[in-house]
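Visitor: Input run.cif, format and content: mmCIF, C-alpha atoms and all ligand atoms.
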data_my_file
#
loop_
_atom_site.label_atom_id
_atom_site.label_comp_id
_atom_site.auth_asym_id
_atom_site.auth_seq_id
_atom_site.Cartn_x
_atom_site.Cartn_y
_atom_site.Cartn_z
CA MET S 1 22.93 7.12 38.29
CA GLN S 2 23.84 3.50 37.85
CA VAL S 3 21.92 0.30 38.40
CA LEU S 4 24.14 -2.06 40.36
CA LYS S 5 24.37 -5.80 40.02
CA ASN S 6 23.41 -6.40 43.64
CA GLN S 7 20.29 -4.25 43.20
CA ILE S 8 19.25 -6.39 40.25
CA ASP S 9 20.02 -9.56 42.18
CA SER S 10 17.97 -8.65 45.21
CA HIS S 11 15.07 -7.52 43.00
CA ASN S 12 15.22 -10.87 41.17
CA GLU S 13 15.40 -12.84 44.41
CA SER S 14 12.24 -11.17 45.66
CA LEU S 15 10.36 -12.27 42.52
CA LEU S 16 11.99 -15.62 41.90
CA LEU S 17 9.44 -18.01 43.41
CA GLN S 18 6.55 -16.38 41.63
CA HIS S 19 8.53 -16.30 38.36
CA GLU S 20 9.47 -19.96 38.56
CA ALA S 21 5.87 -21.00 39.09
CA LYS S 22 4.78 -19.07 36.00
CA LEU S 23 7.72 -20.33 33.97
CA SER S 24 7.07 -23.97 34.71
CA PHE S 25 3.40 -23.58 33.71
CA THR S 26 4.42 -21.83 30.47
CA ARG S 27 6.97 -24.54 29.69
CA SER S 28 4.25 -27.15 30.11
CA GLU S 29 2.05 -25.29 27.63
CA VAL S 30 4.59 -24.27 24.98
CA PRO S 31 6.69 -26.79 23.07
CA GLY S 32 10.18 -25.47 22.30
CA ALA S 33 10.15 -23.01 25.20
CA GLU S 34 13.87 -23.45 25.81
CA GLU S 35 14.78 -22.51 22.25
CA ILE S 36 12.55 -19.45 22.45
CA ILE S 37 14.30 -18.30 25.64
CA GLN S 38 17.69 -18.65 23.98
CA LYS S 39 16.63 -16.64 20.93
CA LEU S 40 15.16 -13.93 23.14
CA THR S 41 18.38 -13.66 25.12
CA ALA S 42 20.33 -12.93 21.93
CA PHE S 43 17.86 -10.37 20.58
CA GLN S 44 18.76 -6.68 20.87
CA ILE S 45 16.77 -3.57 20.03
CA ALA S 46 18.39 -0.20 19.42
CA ILE S 47 17.20 2.86 21.29
CA PRO S 48 16.88 6.19 19.47
CA SER S 49 18.79 9.01 21.14
CA TRP S 50 15.93 11.39 20.38
CA ALA S 51 13.38 9.41 22.38
CA LEU S 52 15.09 9.88 25.73
CA GLY S 53 13.57 13.27 26.44
CA THR S 54 9.96 14.34 26.68
CA GLY S 55 8.48 14.84 23.23
CA GLY S 56 5.66 17.20 22.75
CA THR S 57 3.18 18.37 20.23
CA ARG S 58 2.85 21.71 18.56
CA PHE S 59 0.48 22.60 21.39
CA GLY S 60 2.97 22.17 24.18
CA ARG S 61 5.64 20.19 25.90
CA PHE S 62 5.60 19.09 29.52
CA SER S 63 9.04 18.09 30.68
CA GLY S 64 9.38 15.37 33.29
CA GLY S 65 12.84 16.59 34.33
CA GLY S 66 16.18 14.84 34.53
CA GLU S 67 16.43 14.58 30.75
CA PRO S 68 19.81 13.97 29.13
CA ARG S 69 21.53 17.29 28.31
CA SER S 70 24.34 15.89 26.20
CA LEU S 71 25.26 12.92 24.07
CA GLU S 72 27.12 11.46 27.05
CA GLU S 73 23.98 11.61 29.19
CA LYS S 74 21.96 10.02 26.40
CA ILE S 75 24.42 7.15 26.30
CA GLU S 76 24.13 6.87 30.08
CA ASP S 77 20.34 6.67 29.81
CA VAL S 78 20.47 3.89 27.23
CA GLY S 79 23.05 2.22 29.49
CA LEU S 80 20.47 2.31 32.29
CA LEU S 81 17.87 0.67 30.07
CA HIS S 82 20.34 -1.96 28.99
CA ALA S 83 21.35 -2.71 32.58
CA LEU S 84 17.68 -3.22 33.43
CA ASN S 85 16.73 -5.43 30.47
CA GLN S 86 19.97 -6.49 28.70
CA SER S 87 18.04 -6.15 25.43
CA SER S 88 18.81 -2.53 24.57
CA GLY S 89 22.47 -2.83 23.66
CA ALA S 90 22.62 -0.18 20.94
CA ILE S 91 21.95 3.51 20.47
CA SER S 92 21.00 5.26 17.26
CA LEU S 93 22.19 8.85 16.83
CA HIS S 94 20.51 11.67 14.95
CA ILE S 95 22.85 14.29 13.47
CA PRO S 96 23.13 17.24 14.18
CA TRP S 97 21.20 16.66 17.43
CA ASP S 98 24.00 14.36 18.63
CA ILE S 99 27.33 15.53 17.26
CA PRO S 100 30.12 13.68 19.09
CA GLN S 101 32.85 15.99 20.39
CA ASP S 102 35.43 13.26 20.96
CA TYR S 103 34.90 10.02 19.05
CA ARG S 104 37.25 7.92 21.11
CA ALA S 105 35.80 9.02 24.43
CA THR S 106 32.27 8.51 23.07
CA ARG S 107 33.09 5.00 21.92
CA ILE S 108 34.69 4.16 25.26
CA LEU S 109 31.70 5.48 27.21
CA ALA S 110 29.30 3.43 25.06
CA ALA S 111 31.43 0.31 25.48
CA GLN S 112 31.46 0.79 29.25
CA HIS S 113 27.67 0.54 29.12
CA GLY S 114 27.78 -2.47 26.79
CA LEU S 115 26.42 -0.42 23.88
CA THR S 116 27.21 -0.27 20.19
CA PHE S 117 26.19 2.41 17.70
CA ASP S 118 23.31 1.50 15.46
CA ALA S 119 22.22 3.41 12.33
CA VAL S 120 23.08 7.09 12.16
CA ASN S 121 20.24 9.34 11.03
CA SER S 122 20.50 12.46 8.90
CA ASN S 123 18.28 15.48 9.32
CA THR S 124 17.29 17.56 6.33
CA PHE S 125 13.79 18.18 7.64
CA GLN S 126 14.82 21.12 9.82
CA ASP S 127 16.96 24.17 9.18
CA GLN S 128 19.93 24.43 11.52
CA PRO S 129 21.46 27.67 12.83
CA GLY S 130 24.04 29.05 10.42
CA GLN S 131 22.90 26.86 7.53
CA PRO S 132 23.14 28.82 4.26
CA HIS S 133 20.04 27.42 2.50
CA SER S 134 16.58 26.51 3.77
CA TYR S 135 14.79 23.17 3.40
CA LYS S 136 11.39 24.84 3.40
CA PHE S 137 10.66 23.40 -0.06
CA GLY S 138 12.49 20.14 0.38
CA SER S 139 16.03 18.86 0.49
CA LEU S 140 17.07 16.00 -1.83
CA GLN S 141 14.11 16.77 -4.12
CA HIS S 142 14.68 20.54 -4.25
CA VAL S 143 14.36 22.37 -7.55
CA ASP S 144 17.67 24.12 -6.80
CA LYS S 145 20.81 21.98 -7.09
CA THR S 146 22.66 24.15 -4.53
CA ILE S 147 20.13 23.16 -1.90
CA ARG S 148 20.19 19.52 -2.94
CA GLN S 149 23.98 19.63 -2.65
CA GLN S 150 23.78 21.01 0.88
CA ALA S 151 21.54 18.08 1.86
CA ILE S 152 23.81 15.57 0.10
CA ASP S 153 26.86 16.97 1.89
CA HIS S 154 25.05 16.72 5.22
CA ASN S 155 24.30 13.03 4.64
CA ILE S 156 27.93 12.39 3.72
CA GLU S 157 29.02 14.15 6.90
CA VAL S 158 26.64 11.94 8.90
CA ILE S 159 28.26 8.86 7.35
CA LYS S 160 31.66 10.18 8.45
CA HIS S 161 30.50 10.58 12.05
CA GLY S 162 29.08 7.07 11.90
CA ILE S 163 32.32 5.58 10.61
CA GLU S 164 34.20 7.08 13.57
CA LEU S 165 31.74 5.52 16.01
CA GLY S 166 31.48 2.12 14.38
CA SER S 167 27.96 2.46 12.95
CA GLU S 168 27.30 0.49 9.80
CA SER S 169 24.14 2.06 8.44
CA LEU S 170 22.62 5.38 7.51
CA THR S 171 18.89 5.98 7.84
CA VAL S 172 17.48 8.63 5.54
CA TRP S 173 14.03 9.97 6.24
CA LEU S 174 12.93 12.87 4.07
CA SER S 175 10.06 15.20 4.79
CA ASP S 176 10.25 16.23 1.13
CA GLY S 177 6.94 16.53 -0.64
CA SER S 178 4.31 19.16 -1.25
CA CYS S 179 1.37 20.69 0.54
CA PHE S 180 -0.80 21.65 -2.42
CA PRO S 181 -1.67 20.24 -5.83
CA GLY S 182 0.46 21.86 -8.51
CA GLN S 183 3.27 22.78 -6.11
CA LEU S 184 5.55 19.99 -7.28
CA ASN S 185 6.33 18.18 -10.48
CA PHE S 186 6.19 14.63 -9.07
CA ARG S 187 8.48 13.08 -11.65
CA ARG S 188 11.09 15.80 -11.39
CA ALA S 189 10.99 15.57 -7.57
CA TYR S 190 11.52 11.81 -7.85
CA GLN S 191 14.41 12.21 -10.29
CA ASN S 192 16.12 14.89 -8.21
CA THR S 193 15.75 12.70 -5.12
CA LEU S 194 17.15 9.67 -6.91
CA GLU S 195 20.11 11.63 -8.24
CA SER S 196 20.83 13.00 -4.73
CA LEU S 197 20.47 9.57 -3.12
CA ASN S 198 22.89 8.17 -5.69
CA GLU S 199 25.53 10.65 -4.58
CA ILE S 200 24.99 9.71 -0.93
CA TYR S 201 25.05 6.01 -1.80
CA ALA S 202 28.40 6.49 -3.54
CA ALA S 203 29.88 7.70 -0.24
CA LEU S 204 28.77 4.60 1.70
CA PRO S 205 31.57 2.31 2.87
CA ASP S 206 31.37 -1.22 1.47
CA ASN S 207 30.15 -2.76 4.72
CA TRP S 208 27.42 -0.15 5.20
CA LYS S 209 23.70 -0.16 4.42
CA LEU S 210 21.46 2.72 3.47
CA PHE S 211 17.93 2.55 4.89
CA LEU S 212 15.33 4.64 3.10
CA GLU S 213 12.37 5.29 5.38
CA TYR S 214 8.98 6.12 3.88
CA LYS S 215 6.10 8.05 5.37
CA ALA S 216 2.64 8.75 3.97
CA PHE S 217 2.18 12.32 5.15
CA GLU S 218 3.37 14.97 7.62
CA PRO S 219 4.85 17.53 7.50
CA ASN S 220 3.72 17.67 3.90
CA PHE S 221 0.01 17.07 3.53
CA TYR S 222 -0.57 16.62 -0.18
CA SER S 223 2.33 14.47 -1.41
CA THR S 224 5.44 12.91 0.06
CA THR S 225 8.30 12.09 -2.28
CA VAL S 226 9.14 8.84 -0.43
CA GLY S 227 5.55 8.27 0.61
CA ASP S 228 5.07 4.54 0.82
CA TRP S 229 6.92 1.25 0.61
CA GLY S 230 6.49 1.06 -3.17
CA MET S 231 8.23 4.37 -3.66
CA SER S 232 11.00 3.50 -1.23
CA TYR S 233 11.41 0.12 -2.94
CA SER S 234 11.69 1.74 -6.34
CA TYR S 235 14.50 4.02 -5.12
CA VAL S 236 16.45 1.32 -3.27
CA GLN S 237 16.17 -1.07 -6.22
CA LYS S 238 17.86 1.52 -8.40
CA LEU S 239 20.47 2.51 -5.83
CA GLY S 240 21.99 -0.93 -5.43
CA SER S 241 22.56 -3.87 -3.13
CA LYS S 242 23.47 -1.80 -0.07
CA ALA S 243 20.17 0.11 -0.12
CA TYR S 244 17.08 -1.13 1.73
CA THR S 245 13.61 0.01 2.73
CA LEU S 246 12.98 0.83 6.38
CA VAL S 247 9.53 0.25 7.85
CA ASP S 248 8.40 2.67 10.54
CA LEU S 249 5.15 1.21 11.84
CA GLY S 250 3.55 4.64 12.24
CA HIS S 251 4.17 5.79 8.68
CA HIS S 252 1.29 4.09 6.89
CA LEU S 253 -2.18 5.18 5.93
CA PRO S 254 -4.82 3.75 8.29
CA ASN S 255 -5.41 -0.01 8.10
CA ALA S 256 -2.44 -0.74 5.82
CA ASN S 257 -1.47 -4.40 5.95
CA ILE S 258 2.02 -3.84 7.35
CA GLU S 259 2.74 -7.54 7.86
CA GLN S 260 2.19 -8.17 4.15
CA ILE S 261 4.51 -5.28 3.25
CA VAL S 262 7.13 -6.79 5.56
CA ALA S 263 6.74 -10.26 4.03
CA LEU S 264 7.18 -8.98 0.49
CA LEU S 265 10.13 -6.70 1.23
CA LEU S 266 11.81 -9.58 3.01
CA MET S 267 11.17 -11.89 0.09
CA GLU S 268 12.67 -9.30 -2.28
CA GLY S 269 15.77 -8.98 -0.07
CA LYS S 270 15.01 -5.29 0.43
CA LEU S 271 13.77 -5.14 4.01
CA GLY S 272 16.30 -3.01 5.91
CA GLY S 273 14.74 -2.88 9.32
CA PHE S 274 12.20 -1.24 11.57
CA HIS S 275 11.29 1.75 13.58
CA PHE S 276 8.95 0.16 16.11
CA ASN S 277 6.16 2.17 17.68
CA ASP S 278 2.38 2.08 17.66
CA SER S 279 -0.36 4.37 16.52
CA LYS S 280 -4.09 4.85 16.45
CA TYR S 281 -4.27 7.65 13.90
CA GLY S 282 -0.98 8.44 12.17
CA ASP S 283 2.64 8.89 13.15
CA ASP S 284 1.66 8.85 16.83
CA ASP S 285 4.95 7.33 18.03
CA LEU S 286 3.25 5.53 20.93
CA THR S 287 4.67 2.60 22.88
CA ALA S 288 5.16 -0.48 20.67
CA GLY S 289 2.22 -2.84 21.09
CA ALA S 290 0.12 -0.30 22.99
CA ILE S 291 -2.68 -0.09 20.43
CA LYS S 292 -2.31 -3.01 18.00
CA PRO S 293 -0.38 -5.83 19.68
CA TYR S 294 -1.87 -8.42 17.30
CA GLN S 295 -0.41 -6.52 14.34
CA LEU S 296 2.99 -6.49 16.02
CA PHE S 297 2.76 -10.24 16.51
CA LEU S 298 1.70 -10.76 12.87
CA ILE S 299 4.71 -8.74 11.70
CA PHE S 300 7.04 -10.93 13.74
CA ASN S 301 5.22 -13.97 12.47
CA GLU S 302 6.19 -12.96 8.92
CA LEU S 303 9.75 -12.29 10.01
CA VAL S 304 10.17 -15.65 11.71
CA GLU S 305 8.60 -17.39 8.74
CA GLY S 306 10.54 -15.45 6.12
CA MET S 307 13.89 -15.34 7.83
CA ASP S 308 13.85 -19.04 8.35
CA ALA S 309 17.02 -20.28 9.98
CA ARG S 310 18.76 -16.92 9.78
CA VAL S 311 19.51 -15.42 13.16
CA MET S 312 17.32 -12.46 13.98
CA ASN S 313 19.87 -10.16 15.49
CA HIS S 314 20.37 -6.56 14.51
CA ALA S 315 24.13 -6.88 14.52
CA THR S 316 24.04 -9.26 11.60
CA ASP S 317 20.70 -8.88 9.97
CA LEU S 318 18.00 -6.21 10.00
CA GLY S 319 18.00 -2.89 11.80
CA TRP S 320 15.80 -3.33 14.88
CA MET S 321 14.99 0.05 16.30
CA ILE S 322 12.40 1.89 18.27
CA ASP S 323 11.22 5.31 17.13
CA ALA S 324 8.99 6.83 19.74
CA SER S 325 7.99 10.08 21.34
CA HIS S 326 6.72 10.53 24.87
CA ASN S 327 4.33 13.27 25.78
CA VAL S 328 2.89 12.08 29.06
CA LYS S 329 5.07 9.18 30.22
CA ASP S 330 8.58 8.96 31.59
CA PRO S 331 10.54 8.23 28.37
CA LEU S 332 12.71 5.59 30.00
CA GLU S 333 9.75 3.70 31.41
CA ASP S 334 8.04 3.90 28.04
CA LEU S 335 11.10 2.53 26.25
CA LEU S 336 11.27 -0.38 28.70
CA GLN S 337 7.63 -1.11 27.90
CA SER S 338 8.31 -0.96 24.14
CA VAL S 339 11.24 -3.36 24.35
CA GLU S 340 9.11 -5.75 26.42
CA ALA S 341 6.28 -5.61 23.86
CA ILE S 342 8.66 -6.30 20.97
CA MET S 343 10.26 -9.24 22.77
CA LEU S 344 6.85 -10.65 23.57
CA ALA S 345 5.71 -10.40 19.95
CA TYR S 346 8.91 -12.14 18.87
CA ALA S 347 8.38 -14.90 21.45
CA GLN S 348 4.78 -15.40 20.32
CA ALA S 349 5.88 -15.63 16.70
CA LEU S 350 8.55 -18.18 17.59
CA SER S 351 5.90 -20.31 19.31
CA VAL S 352 3.73 -20.66 16.16
CA PRO S 353 3.73 -24.30 15.02
CA ARG S 354 5.05 -23.61 11.50
CA ARG S 355 4.35 -27.01 9.97
CA ALA S 356 0.76 -27.04 11.22
CA LEU S 357 0.19 -23.54 9.86
CA GLU S 358 1.69 -24.51 6.53
CA ASP S 359 -0.58 -27.57 6.36
CA ALA S 360 -3.65 -25.50 7.16
CA GLN S 361 -2.70 -23.03 4.43
CA GLN S 362 -2.11 -25.77 1.88
CA ASN S 363 -5.49 -27.31 2.74
CA ASN S 364 -7.31 -23.98 2.63
CA ASP S 365 -8.32 -24.67 6.22
CA VAL S 366 -8.94 -21.06 7.14
CA VAL S 367 -10.34 -21.78 10.58
CA THR S 368 -7.35 -23.86 11.67
CA ALA S 369 -4.89 -21.29 10.34
CA GLN S 370 -6.64 -18.55 12.27
CA GLU S 371 -6.87 -20.71 15.41
CA ILE S 372 -3.13 -21.42 15.27
CA LEU S 373 -2.20 -17.75 15.12
CA GLN S 374 -4.72 -16.65 17.70
CA ASN S 375 -3.69 -19.40 20.06
CA ALA S 376 -0.07 -18.29 19.84
CA PHE S 377 -1.08 -14.68 20.40
CA ARG S 378 -3.34 -15.48 23.35
CA THR S 379 -0.90 -17.72 25.19
CA ASP S 380 0.86 -15.77 27.92
CA LEU S 381 4.60 -15.95 27.19
CA ARG S 382 5.72 -13.19 29.51
CA ALA S 383 7.52 -15.72 31.73
CA LEU S 384 9.76 -16.71 28.79
CA VAL S 385 10.73 -13.08 28.18
CA ALA S 386 11.41 -12.63 31.90
CA GLU S 387 13.49 -15.81 32.00
CA ALA S 388 15.60 -14.57 29.06
CA ARG S 389 16.29 -11.41 31.05
CA LEU S 390 17.09 -13.33 34.21
CA ARG S 391 19.66 -15.45 32.39
CA ALA S 392 21.25 -12.37 30.84
CA GLY S 393 21.69 -10.75 34.27
CA ALA S 394 18.84 -8.27 33.84
CA ALA S 395 15.81 -7.54 36.00
CA LEU S 396 12.78 -9.83 36.06
CA ASN S 397 10.57 -6.75 36.06
CA PRO S 398 12.53 -3.77 34.68
CA VAL S 399 9.80 -1.15 35.16
CA ALA S 400 9.22 -2.22 38.78
CA LEU S 401 12.94 -2.06 39.55
CA TYR S 402 13.24 1.32 37.78
CA ARG S 403 10.50 2.63 40.05
CA SER S 404 11.78 1.11 43.26
CA LEU S 405 15.24 2.57 42.64
CA ASN S 406 13.69 6.01 42.03
CA VAL S 407 15.70 6.35 38.86
CA ARG S 408 13.87 9.43 37.58
CA GLN S 409 14.21 11.28 40.88
CA ASN S 410 17.92 10.46 40.92
CA LEU S 411 18.28 11.82 37.39
CA ILE S 412 16.42 14.98 38.38
CA ASN S 413 18.77 15.40 41.36
CA GLU S 414 21.77 15.00 39.06
CA ARG S 415 20.58 17.00 36.06
CA GLY S 416 17.88 19.30 37.32
CA LEU S 417 14.18 19.65 36.71
CA LYS S 418 14.25 22.03 33.75
CA THR S 419 16.03 19.95 31.18
CA VAL S 420 15.38 19.76 27.46
CA ALA S 421 16.90 16.91 25.51
CA THR S 422 17.58 17.56 21.84
CA GLY S 423 15.27 15.70 19.51
CA LEU S 424 11.61 15.85 18.69
C1 LIG Z 501 9.84 10.87 11.03
O1 LIG Z 501 8.51 10.90 11.43
C2 LIG Z 501 10.68 9.89 11.83
O2 LIG Z 501 9.97 8.69 11.99
C3 LIG Z 501 12.03 9.63 11.19
O3 LIG Z 501 12.51 8.36 11.53
C4 LIG Z 501 12.86 10.65 11.85
O4 LIG Z 501 14.22 10.44 11.67
C5 LIG Z 501 12.37 10.49 13.27
O5 LIG Z 501 10.96 10.40 13.10
C6 LIG Z 501 12.74 11.56 14.22
O6 LIG Z 501 12.17 12.77 13.87
MN MN Z 502 11.01 6.76 12.08
MN MN Z 503 7.85 9.02 12.37
#
Render the structure in this file as structure tokens.
Ligand code: PSV
Ligand code: MN
Ligand code: MN

Guide:
Amino acid sequence: MQVLKNQIDSHNESLLLQHEAKLSFTRSEVPGAEEIIQKLTAFQIAIPSWALGTGGTRFGRFSGGGEPRSLEEKIEDVGLLHALNQSSGAISLHIPWDIPQDYRATRILAAQHGLTFDAVNSNTFQDQPGQPHSYKFGSLQHVDKTIRQQAIDHNIEVIKHGIELGSESLTVWLSDGSCFPGQLNFRRAYQNTLESLNEIYAALPDNWKLFLEYKAFEPNFYSTTVGDWGMSYSYVQKLGSKAYTLVDLGHHLPNANIEQIVALLLMEGKLGGFHFNDSKYGDDDLTAGAIKPYQLFLIFNELVEGMDARVMNHATDLGWMIDASHNVKDPLEDLLQSVEAIMLAYAQALSVPRRALEDAQQNNDVVTAQEILQNAFRTDLRALVAEARLRAGAALNPVALYRSLNVRQNLINERGLKTVATGL
């Protein structure tokens, strides 16, 4: 299944008049609209290979069919997204779910779809068939050095796969922790983890980054050894200048002030990047912006403020990734919605009058500061995001075009109804 240029063109033609009317109204309302459009056009968000199939919960999984059965088909799916929005130009692989059989062919296929390889992810939270030792009681933290070594070796192998594909970062997320008080010596678990991470860090090529993702709980329910941003920060500080903290929006305890965490990590030069998603309760992995769009905007507001003149582009700066799971929606439609929500939050943040906000802050004018942010959030900038897509050769309304081309039915015809993509 491919989305052709003429299909995008005729879709865009059918919506053009309506789009132009909205765009000209938005331009009249938003100073600097042109600059915002240009920044949006350059902005790319990586798609996780494991989010292309139907997720599930421990209570069940309801496949939608037509899911990618191989790494090649996963690349094709991200290629479809990128053709529709021109903002999803990278794929992030999770090893061993996505072991490439032929690096050269994999790189060529990705390039044909306009994709690059984003961070590679290691997996020491599951046991794999044939693996000599179990991670039941942790991996990099384990009391037994043999098991720690197995997990270290796996991470080094993941780096090697990444080098062959042109990735430049490794994301480490550990489920290590404990389920009951007394199970773990916290300090020893920390020290074992640090020692293991040091060995992985030593294997990183010079131009690579290591992202250490934190998560408050699950699958361990009493303690997690990299449980919050403070813990992650303390490891990455010790590891060195190539190590950074990665913020997955769903990995905080309820009501955490994520935008403040982002601001401080950025200020410390230790913000590595994001796993975007949204949540109501925990690590729900819902569509970005589906539950707390104002929070997403406030995060981007800190990024725009803190990154100043630096270009926000994952190729040169932070890791911009989605991490989602889809239980009831078509994963591809959901990913299109997430990318749209992220672009919109970025556009809104770009539209904040910085000087006026700064003045209000300096004058302790709380009401004006709040009005400025809420005004930016409540102004409809969807036409600017659509215009950025139009200029890049993408669809004005990617979800509508996806539906009118019957993409999912085509994928089911090609791949079958009973498909299970590897991942969570
Ligand atoms: C863990 O909850 C996580 O967010 C990590 O990023 C994993 O690598 C990913 O989900 C996939 O399981
Ligand atoms: Mn994540
Ligand atoms: Mn998660």

Visitor: Can I get the residues close to ligand MN 503 (chain Z) as a VMD selection string, where close means within 8 Å and we count all atoms listed in the file?

Guide: chain S and resid 215 248 250 to 251 283 to 285 323 to 324

Visitor: Distance atom CA of S:Ala394-atom CA of S:Gln86, one decimal place?

Guide: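 Computing the Euclidean distance for atom CA of S:Ala394 and atom CA of S:Gln86 yields 5.6 Å.
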
Visitor: At most 10 Å is the cut-off: for each residue in chain S with any atom that close to an atom of ligand LIG 501 (chain Z), write down the nearest atom pair and the distance in Å rounded to one decimal, counting only C-alpha atoms and all ligand atoms, chain first then increasing number, as a Markdown table.

Guide:
| residue | atom | partner | partner_atom | distance |
| --- | --- | --- | --- | --- |
| S:Pro48 | CA | Z:LIG501 | C6 | 8.6 |
| S:Ser49 | CA | Z:LIG501 | C6 | 9.5 |
| S:Trp50 | CA | Z:LIG501 | C6 | 6.9 |
| S:Ala51 | CA | Z:LIG501 | C6 | 8.5 |
| S:Leu93 | CA | Z:LIG501 | O4 | 9.6 |
| S:His94 | CA | Z:LIG501 | O4 | 7.2 |
| S:Ile95 | CA | Z:LIG501 | O4 | 9.6 |
| S:Val120 | CA | Z:LIG501 | O4 | 9.5 |
| S:Asn121 | CA | Z:LIG501 | O4 | 6.2 |
| S:Ser122 | CA | Z:LIG501 | O4 | 7.2 |
| S:Asn123 | CA | Z:LIG501 | O4 | 6.9 |
| S:Thr124 | CA | Z:LIG501 | O4 | 9.4 |
| S:Phe125 | CA | Z:LIG501 | O6 | 8.4 |
| S:Gln126 | CA | Z:LIG501 | O6 | 9.7 |
| S:Thr171 | CA | Z:LIG501 | O4 | 7.5 |
| S:Val172 | CA | Z:LIG501 | O4 | 7.2 |
| S:Trp173 | CA | Z:LIG501 | C3 | 5.3 |
| S:Leu174 | CA | Z:LIG501 | C1 | 7.9 |
| S:Ser175 | CA | Z:LIG501 | C1 | 7.6 |
| S:Leu212 | CA | Z:LIG501 | O3 | 9.6 |
| S:Glu213 | CA | Z:LIG501 | O3 | 6.9 |
| S:Tyr214 | CA | Z:LIG501 | O2 | 8.6 |
| S:Lys215 | CA | Z:LIG501 | O1 | 7.1 |
| S:Ala216 | CA | Z:LIG501 | O1 | 9.7 |
| S:Phe217 | CA | Z:LIG501 | O1 | 9.0 |
| S:Glu218 | CA | Z:LIG501 | O1 | 7.6 |
| S:Pro219 | CA | Z:LIG501 | O1 | 8.5 |
| S:Leu246 | CA | Z:LIG501 | O3 | 9.1 |
| S:Val247 | CA | Z:LIG501 | O3 | 9.4 |
| S:Asp248 | CA | Z:LIG501 | O2 | 6.4 |
| S:Leu249 | CA | Z:LIG501 | O2 | 8.9 |
| S:Gly250 | CA | Z:LIG501 | O2 | 7.6 |
| S:His251 | CA | Z:LIG501 | O1 | 7.2 |
| S:Phe274 | CA | Z:LIG501 | O3 | 9.6 |
| S:His275 | CA | Z:LIG501 | O3 | 7.0 |
| S:Phe276 | CA | Z:LIG501 | O2 | 9.5 |
| S:Asn277 | CA | Z:LIG501 | O2 | 9.5 |
| S:Gly282 | CA | Z:LIG501 | O1 | 9.8 |
| S:Asp283 | CA | Z:LIG501 | O1 | 6.4 |
| S:Asp284 | CA | Z:LIG501 | O1 | 9.0 |
| S:Asp285 | CA | Z:LIG501 | O2 | 8.0 |
| S:Met321 | CA | Z:LIG501 | O3 | 9.9 |
| S:Ile322 | CA | Z:LIG501 | O3 | 9.3 |
| S:Asp323 | CA | Z:LIG501 | O2 | 6.3 |
| S:Ala324 | CA | Z:LIG501 | O5 | 7.8 |
| S:Ser325 | CA | Z:LIG501 | C6 | 8.7 |
| S:Gly423 | CA | Z:LIG501 | O6 | 7.1 |
| S:Leu424 | CA | Z:LIG501 | O6 | 5.7 |

Visitor: Need the shell around S:Tyr281: protein/DNA/RNA residues with any atom at most 10 Å away, counting only C-alpha atoms. Skip same-chain ones fewer than 3 positions apart. Format as JSON, numbers by chain?

Guide: {"S": [250, 252, 253, 254, 255, 278, 284]}

Visitor: Could you take the residues named above and write them with C-alpha atoms, as a PDB file, keeping the file's coordinate frame?

Guide:
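File result-v8.pdb, as written:
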ATOM      1  CA  GLY S 250       3.550   4.640  12.240  1.00  0.00           C
ATOM      2  CA  HIS S 252       1.290   4.090   6.890  1.00  0.00           C
ATOM      3  CA  LEU S 253      -2.180   5.180   5.930  1.00  0.00           C
ATOM      4  CA  PRO S 254      -4.820   3.750   8.290  1.00  0.00           C
ATOM      5  CA  ASN S 255      -5.410  -0.010   8.100  1.00  0.00           C
ATOM      6  CA  ASP S 278       2.380   2.080  17.660  1.00  0.00           C
ATOM      7  CA  ASP S 284       1.660   8.850  16.830  1.00  0.00           C
TER       8      ASP S 284
END

Visitor: Mind giving me the straight-line distance from atom CA of S:Gly65 to atom CA of S:Trp97 in Å, one decimal?

Guide: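 Computed distance, atom CA of S:Gly65 to atom CA of S:Trp97, equals 18.9 Å.
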
Visitor: In Å, with one decimal, what is the gap from atom CA of S:Gly79 to atom CA of S:Met1?

Guide: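 Atom-to-atom, atom CA of S:Gly79 and atom CA of S:Met1 are spaced 10.1 Å apart.
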
Visitor: Given only C-alpha atoms as the basis, pick out the residue of S:Ile47, S:Glu371, S:His154, S:Phe137 nearest to S:Phe180.

Guide: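 Nearest candidate to S:Phe180 out of S:Ile47, S:Glu371, S:His154, S:Phe137: S:Phe137.
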
Visitor: Counting all atoms listed in the file, which residues have an atom no more than 12 Å from (26.4, 12.1, 12.1) in the file's coordinates? Please list them as a PyMOL selection string.

Guide: chain S and resi 92-101+103+117-123+153-172

Visitor: Could you list, as a PyMOL selection string, every residue within 10 Å of S:Thr146, counting only C-alpha atoms and ignoring same-chain residues fewer than 5 positions away?

Guide: chain S and resi 132-133+139+151-152

Visitor: Restricting the calculation to only C-alpha atoms, which member of S:Phe221, S:Ser14, S:Glu259, S:Leu318 is positioned closest to S:Lys209?

Guide: S:Leu318

Visitor: Select, from S:Phe43, S:Ala33, S:Ser87, S:Lys74, the residue with the minimum atom-to-atom distance to S:Gly393, counting all atoms listed in the file.

Guide: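 With all atoms listed in the file as the atom set, the closest residue is S:Ser87.
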
Visitor: Please determine, counting all atoms listed in the file, which residue among S:Leu405, S:Leu396, S:Leu15, S:Ala356 has the shortest atom-to-atom distance to S:Leu373.

Guide: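 Of the candidates, the smallest distance to S:Leu373 is held by S:Ala356.
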
Visitor: Compare S:His11, S:Arg69, S:Lys280, S:His113 by their minimum atom-to-atom distance to S:Leu81, counting all atoms listed in the file, and give me the closest one.

Guide: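 Closest to S:Leu81 of all the choices is S:His113.
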